[in-house]
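Student: One structure, as structure tokens, below. Some questions next.
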Amino acid sequence: MTITNGYAALADLKAELGIFDTTDDDALELAIEAASRQCDDYTGRRFWQDGSVVARTYVPDDPYCLVVDDISTTTGLVVKIDDDDSGSYETTLTVNTDVVVWPPNAAAEYPVRPYTELHIVRSRSSYVWPTNVDAPSVQVTAKFGWPAVPEQVAKACMVQAMQLFKSKDAVFGAIAMGDGTSLRMKASLNPQAESLLAAYRKPSVG
């Protein structure tokens, strides 16, 4: 199989496990992909970037600040509003005039972070986010996700992928050790992976 939007490389996982043949490549790739999606589920966000722009819609609850899903870049960003509740996004706002991305220094941080809000520029724009409507009133077209996978996320994926791969050797949920003891396997996210991902958790937005 081929890894899709994985946060670890097959070669790195094999090196970590001391595997030098290709016998288990399919199982290892599956573990990486499953671990990557567990990282997404735990944090409530994803760290891969859309290959092309995608349109999403939102219901604002504030006339000047709109919380959005992670936007990886301003390239290709288009923001439209349905200002008459007609179901059609007929008004296009001008980025950096009517609306700005937030936080403003996200691209300069380490690791590089996404934009998570869109702010109406009160001094330059006559628009507001339409609130108190019956349907999503804002359409955002952008590349969603993160600009790059943070190192902590990559490491968490590696830790979780190792646990998932080794679980095939677990008998009744435990792996027999050479000294006669056993290691109990957890069904949930590995505690070390949880610790690495904790700073990246985010509530979902509507």
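Chain labels run A, B, ... following the order of the structure tokens; each chain numbers its residues from 1, and ligands are numbered from 1 in the order shown.
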DSSP on the backbone: what in range 86-199 of chain A comes out helix (DSSP H, G or I), as number ranges by chain?
Tutor: A: 106-108, 151-169, 191-199
Student: Give me the residues near range 109-120 of chain A as JSON, numbers by chain, where near means some atom within 9 Å (using only C-alpha atoms) and where sequence neighbours in that chain fewer than 5 positions away do not count.
Tutor: {"A": [63, 64, 65, 66, 67, 68, 69, 70, 71, 72, 73, 74, 97, 98, 99, 100, 101, 102, 103, 104, 125, 127, 128, 129, 144, 145, 146, 147, 148, 149, 150, 151]}
Student: Please identify all polymer residues within 12 Å of Lys80 in chain A, counting only C-alpha atoms, omitting same-chain residues fewer than 4 positions from it, and present them as a PyMOL selection string.
Tutor: chain A and resi 55-58+87-95+98-99+118+127-130+136-142
Student: I need the residues from that last selection saved to file as an mmCIF file, in the first residue's frame (with N, CA and C atoms), if you can.
Tutor:
```cif
data_model
loop_
_atom_site.group_PDB
_atom_site.id
_atom_site.type_symbol
_atom_site.label_atom_id
_atom_site.label_comp_id
_atom_site.auth_asym_id
_atom_site.auth_seq_id
_atom_site.Cartn_x
_atom_site.Cartn_y
_atom_site.Cartn_z
ATOM 1 N N ALA A 55 -13.357 24.855 -0.860
ATOM 2 C CA ALA A 55 -14.314 25.809 -0.294
ATOM 3 C C ALA A 55 -15.003 25.204 0.928
ATOM 4 N N ARG A 56 -15.033 25.966 2.018
ATOM 5 C CA ARG A 56 -15.760 25.574 3.222
ATOM 6 C C ARG A 56 -16.648 26.735 3.651
ATOM 7 N N THR A 57 -17.727 26.417 4.361
ATOM 8 C CA THR A 57 -18.652 27.460 4.795
ATOM 9 C C THR A 57 -18.735 27.513 6.314
ATOM 10 N N TYR A 58 -19.074 28.693 6.825
ATOM 11 C CA TYR A 58 -19.078 28.931 8.263
ATOM 12 C C TYR A 58 -20.276 29.781 8.672
ATOM 13 N N GLY A 87 -28.545 32.450 0.223
ATOM 14 C CA GLY A 87 -27.946 31.164 -0.096
ATOM 15 C C GLY A 87 -26.875 31.251 -1.165
ATOM 16 N N SER A 88 -26.593 32.491 -1.618
ATOM 17 C CA SER A 88 -25.564 32.706 -2.631
ATOM 18 C C SER A 88 -24.490 33.634 -2.071
ATOM 19 N N TYR A 89 -23.234 33.264 -2.245
ATOM 20 C CA TYR A 89 -22.124 34.066 -1.719
ATOM 21 C C TYR A 89 -21.723 35.080 -2.788
ATOM 22 N N GLU A 90 -22.466 36.176 -2.821
ATOM 23 C CA GLU A 90 -22.340 37.130 -3.916
ATOM 24 C C GLU A 90 -21.317 38.236 -3.682
ATOM 25 N N THR A 91 -20.848 38.401 -2.448
ATOM 26 C CA THR A 91 -19.929 39.498 -2.135
ATOM 27 C C THR A 91 -18.553 38.948 -1.775
ATOM 28 N N THR A 92 -17.537 39.337 -2.541
ATOM 29 C CA THR A 92 -16.165 38.903 -2.279
ATOM 30 C C THR A 92 -15.423 39.993 -1.527
ATOM 31 N N LEU A 93 -14.865 39.631 -0.378
ATOM 32 C CA LEU A 93 -14.094 40.579 0.409
ATOM 33 C C LEU A 93 -12.654 40.606 -0.100
ATOM 34 N N THR A 94 -12.027 41.758 0.024
ATOM 35 C CA THR A 94 -10.642 41.905 -0.403
ATOM 36 C C THR A 94 -9.711 41.577 0.759
ATOM 37 N N VAL A 95 -8.896 40.530 0.562
ATOM 38 C CA VAL A 95 -7.945 40.125 1.602
ATOM 39 C C VAL A 95 -6.908 41.224 1.797
ATOM 40 N N ASP A 98 -10.370 44.385 3.387
ATOM 41 C CA ASP A 98 -11.573 44.155 4.186
ATOM 42 C C ASP A 98 -11.321 43.169 5.323
ATOM 43 N N VAL A 99 -10.468 42.203 5.066
ATOM 44 C CA VAL A 99 -10.270 41.109 6.017
ATOM 45 C C VAL A 99 -8.796 40.728 6.067
ATOM 46 N N LEU A 118 -10.248 34.879 10.823
ATOM 47 C CA LEU A 118 -10.321 35.951 9.841
ATOM 48 C C LEU A 118 -10.963 37.156 10.516
ATOM 49 N N TYR A 127 -17.863 46.106 5.670
ATOM 50 C CA TYR A 127 -18.535 44.828 5.857
ATOM 51 C C TYR A 127 -18.397 44.330 7.292
ATOM 52 N N VAL A 128 -19.284 43.429 7.652
ATOM 53 C CA VAL A 128 -19.181 42.655 8.893
ATOM 54 C C VAL A 128 -19.541 41.214 8.539
ATOM 55 N N TRP A 129 -19.188 40.284 9.427
ATOM 56 C CA TRP A 129 -19.613 38.903 9.215
ATOM 57 C C TRP A 129 -21.108 38.823 9.482
ATOM 58 N N PRO A 130 -21.907 38.319 8.545
ATOM 59 C CA PRO A 130 -23.357 38.229 8.756
ATOM 60 C C PRO A 130 -23.695 37.207 9.845
ATOM 61 N N PRO A 136 -25.115 28.900 6.759
ATOM 62 C CA PRO A 136 -23.749 29.455 6.715
ATOM 63 C C PRO A 136 -23.685 30.686 5.827
ATOM 64 N N SER A 137 -23.137 31.770 6.342
ATOM 65 C CA SER A 137 -23.131 33.035 5.602
ATOM 66 C C SER A 137 -21.759 33.433 5.085
ATOM 67 N N VAL A 138 -20.737 32.632 5.375
ATOM 68 C CA VAL A 138 -19.377 32.931 4.905
ATOM 69 C C VAL A 138 -18.815 31.710 4.193
ATOM 70 N N GLN A 139 -18.234 31.956 3.035
ATOM 71 C CA GLN A 139 -17.549 30.894 2.296
ATOM 72 C C GLN A 139 -16.062 31.245 2.198
ATOM 73 N N VAL A 140 -15.231 30.328 2.645
ATOM 74 C CA VAL A 140 -13.783 30.523 2.608
ATOM 75 C C VAL A 140 -13.184 29.467 1.688
ATOM 76 N N THR A 141 -12.487 29.915 0.666
ATOM 77 C CA THR A 141 -11.791 29.013 -0.248
ATOM 78 C C THR A 141 -10.301 29.139 0.035
ATOM 79 N N ALA A 142 -9.670 28.031 0.382
ATOM 80 C CA ALA A 142 -8.265 28.083 0.799
ATOM 81 C C ALA A 142 -7.661 26.693 0.770
#
```
Student: Tell me, as a PyMOL selection string, which residues lie within 12 Å of Thr23 in chain A, counting only C-alpha atoms; anything in the same chain fewer than 5 positions away does not count.
Tutor: chain A and resi 14+28-29
Student: Store the residues of this selection in a file with all heavy atoms, as a PDB file, in the first residue's frame.
Tutor:
```pdb
ATOM      1  N   LYS A  14      11.185   1.892   9.988  1.00  0.00           N
ATOM      2  CA  LYS A  14      11.941   0.650   9.897  1.00  0.00           C
ATOM      3  C   LYS A  14      13.275   0.766  10.625  1.00  0.00           C
ATOM      4  O   LYS A  14      13.706  -0.173  11.310  1.00  0.00           O
ATOM      5  CB  LYS A  14      12.169   0.285   8.419  1.00  0.00           C
ATOM      6  CG  LYS A  14      10.891  -0.134   7.704  1.00  0.00           C
ATOM      7  CD  LYS A  14      11.117  -0.386   6.222  1.00  0.00           C
ATOM      8  CE  LYS A  14      11.905  -1.629   5.966  1.00  0.00           C
ATOM      9  NZ  LYS A  14      11.936  -1.988   4.523  1.00  0.00           N
ATOM     10  N   LEU A  28       3.687  -1.966   8.042  1.00  0.00           N
ATOM     11  CA  LEU A  28       4.300  -0.760   8.598  1.00  0.00           C
ATOM     12  C   LEU A  28       3.660   0.496   8.021  1.00  0.00           C
ATOM     13  O   LEU A  28       3.395   1.468   8.743  1.00  0.00           O
ATOM     14  CB  LEU A  28       5.806  -0.764   8.316  1.00  0.00           C
ATOM     15  CG  LEU A  28       6.633  -1.797   9.083  1.00  0.00           C
ATOM     16  CD1 LEU A  28       8.011  -1.959   8.451  1.00  0.00           C
ATOM     17  CD2 LEU A  28       6.770  -1.393  10.557  1.00  0.00           C
ATOM     18  N   GLU A  29       3.392   0.471   6.718  1.00  0.00           N
ATOM     19  CA  GLU A  29       2.736   1.621   6.094  1.00  0.00           C
ATOM     20  C   GLU A  29       1.327   1.807   6.642  1.00  0.00           C
ATOM     21  O   GLU A  29       0.883   2.941   6.880  1.00  0.00           O
ATOM     22  CB  GLU A  29       2.710   1.446   4.580  1.00  0.00           C
ATOM     23  CG  GLU A  29       4.082   1.606   3.943  1.00  0.00           C
ATOM     24  CD  GLU A  29       4.072   1.335   2.456  1.00  0.00           C
ATOM     25  OE1 GLU A  29       3.170   0.617   1.982  1.00  0.00           O
ATOM     26  OE2 GLU A  29       4.973   1.833   1.762  1.00  0.00           O
TER      27      GLU A  29
END
```
Student: Kindly assemble as CSV a list of the range 101-156 of chain A residues that lie within 10 Å of range 188-199 of chain A, each paired with its nearest atom pair and their distance in Å to one decimal, using only C-alpha atoms, sorted first by chain and then by ascending residue number.
Tutor:
```
residue,atom,partner,partner_atom,distance
A:Pro150,CA,A:Leu197,CA,9.8
A:Glu151,CA,A:Leu196,CA,9.2
A:Gln152,CA,A:Leu196,CA,5.4
A:Val153,CA,A:Leu197,CA,6.1
A:Ala154,CA,A:Leu196,CA,9.3
A:Lys155,CA,A:Ala193,CA,7.6
A:Ala156,CA,A:Ala193,CA,4.2
```
Student: Keeping all heavy atoms for every residue in the selection just given, could you write it to a file as a PDB file, in the first residue's frame?
Tutor:
```pdb
ATOM      1  N   PRO A 150       4.666  19.571  12.306  1.00  0.00           N
ATOM      2  CA  PRO A 150       5.578  19.883  13.406  1.00  0.00           C
ATOM      3  C   PRO A 150       6.372  18.646  13.849  1.00  0.00           C
ATOM      4  O   PRO A 150       5.888  17.513  13.726  1.00  0.00           O
ATOM      5  CB  PRO A 150       4.625  20.349  14.529  1.00  0.00           C
ATOM      6  CG  PRO A 150       3.386  20.782  13.819  1.00  0.00           C
ATOM      7  CD  PRO A 150       3.263  19.860  12.644  1.00  0.00           C
ATOM      8  N   GLU A 151       7.558  18.883  14.361  1.00  0.00           N
ATOM      9  CA  GLU A 151       8.416  17.777  14.781  1.00  0.00           C
ATOM     10  C   GLU A 151       7.756  16.918  15.851  1.00  0.00           C
ATOM     11  O   GLU A 151       7.890  15.690  15.856  1.00  0.00           O
ATOM     12  CB  GLU A 151       9.747  18.326  15.298  1.00  0.00           C
ATOM     13  CG  GLU A 151      10.601  18.987  14.215  1.00  0.00           C
ATOM     14  CD  GLU A 151      11.842  19.655  14.781  1.00  0.00           C
ATOM     15  OE1 GLU A 151      12.014  19.647  16.021  1.00  0.00           O
ATOM     16  OE2 GLU A 151      12.644  20.174  13.984  1.00  0.00           O
ATOM     17  N   GLN A 152       7.030  17.564  16.783  1.00  0.00           N
ATOM     18  CA  GLN A 152       6.366  16.811  17.852  1.00  0.00           C
ATOM     19  C   GLN A 152       5.303  15.877  17.293  1.00  0.00           C
ATOM     20  O   GLN A 152       5.105  14.764  17.791  1.00  0.00           O
ATOM     21  CB  GLN A 152       5.734  17.759  18.876  1.00  0.00           C
ATOM     22  CG  GLN A 152       6.731  18.609  19.649  1.00  0.00           C
ATOM     23  CD  GLN A 152       6.909  19.969  19.008  1.00  0.00           C
ATOM     24  OE1 GLN A 152       6.897  20.116  17.784  1.00  0.00           O
ATOM     25  NE2 GLN A 152       7.078  20.987  19.842  1.00  0.00           N
ATOM     26  N   VAL A 153       4.600  16.330  16.270  1.00  0.00           N
ATOM     27  CA  VAL A 153       3.567  15.497  15.654  1.00  0.00           C
ATOM     28  C   VAL A 153       4.202  14.317  14.928  1.00  0.00           C
ATOM     29  O   VAL A 153       3.721  13.183  15.006  1.00  0.00           O
ATOM     30  CB  VAL A 153       2.700  16.334  14.692  1.00  0.00           C
ATOM     31  CG1 VAL A 153       1.710  15.455  13.948  1.00  0.00           C
ATOM     32  CG2 VAL A 153       1.971  17.435  15.461  1.00  0.00           C
ATOM     33  N   ALA A 154       5.293  14.569  14.228  1.00  0.00           N
ATOM     34  CA  ALA A 154       5.998  13.493  13.535  1.00  0.00           C
ATOM     35  C   ALA A 154       6.490  12.443  14.529  1.00  0.00           C
ATOM     36  O   ALA A 154       6.387  11.231  14.279  1.00  0.00           O
ATOM     37  CB  ALA A 154       7.157  14.063  12.730  1.00  0.00           C
ATOM     38  N   LYS A 155       7.021  12.901  15.662  1.00  0.00           N
ATOM     39  CA  LYS A 155       7.500  11.968  16.681  1.00  0.00           C
ATOM     40  C   LYS A 155       6.348  11.202  17.305  1.00  0.00           C
ATOM     41  O   LYS A 155       6.444   9.984  17.532  1.00  0.00           O
ATOM     42  CB  LYS A 155       8.271  12.734  17.768  1.00  0.00           C
ATOM     43  CG  LYS A 155       8.818  11.849  18.886  1.00  0.00           C
ATOM     44  CD  LYS A 155       9.821  10.824  18.369  1.00  0.00           C
ATOM     45  CE  LYS A 155      10.411  10.008  19.518  1.00  0.00           C
ATOM     46  NZ  LYS A 155      11.368   8.982  19.021  1.00  0.00           N
ATOM     47  N   ALA A 156       5.231  11.883  17.576  1.00  0.00           N
ATOM     48  CA  ALA A 156       4.058  11.211  18.141  1.00  0.00           C
ATOM     49  C   ALA A 156       3.552  10.137  17.192  1.00  0.00           C
ATOM     50  O   ALA A 156       3.165   9.039  17.625  1.00  0.00           O
ATOM     51  CB  ALA A 156       2.963  12.230  18.430  1.00  0.00           C
TER      52      ALA A 156
END
```
Student: Need to verify the contact set: Ala34 in chain A, 12 Å, only C-alpha atoms, exclusion of same-chain residues closer than 3 positions in sequence. Can you return it as a PyMOL selection string?
Tutor: chain A and resi 3-8+27-31+37-41+157-165+189
Student: Between A:Ser123, A:Thr131, A:Lys166, A:Tyr200, which is the closest to Leu17 in chain A once you count only C-alpha atoms?
Tutor: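 Nearest candidate to Leu17 in chain A out of A:Ser123, A:Thr131, A:Lys166, A:Tyr200: A:Lys166.
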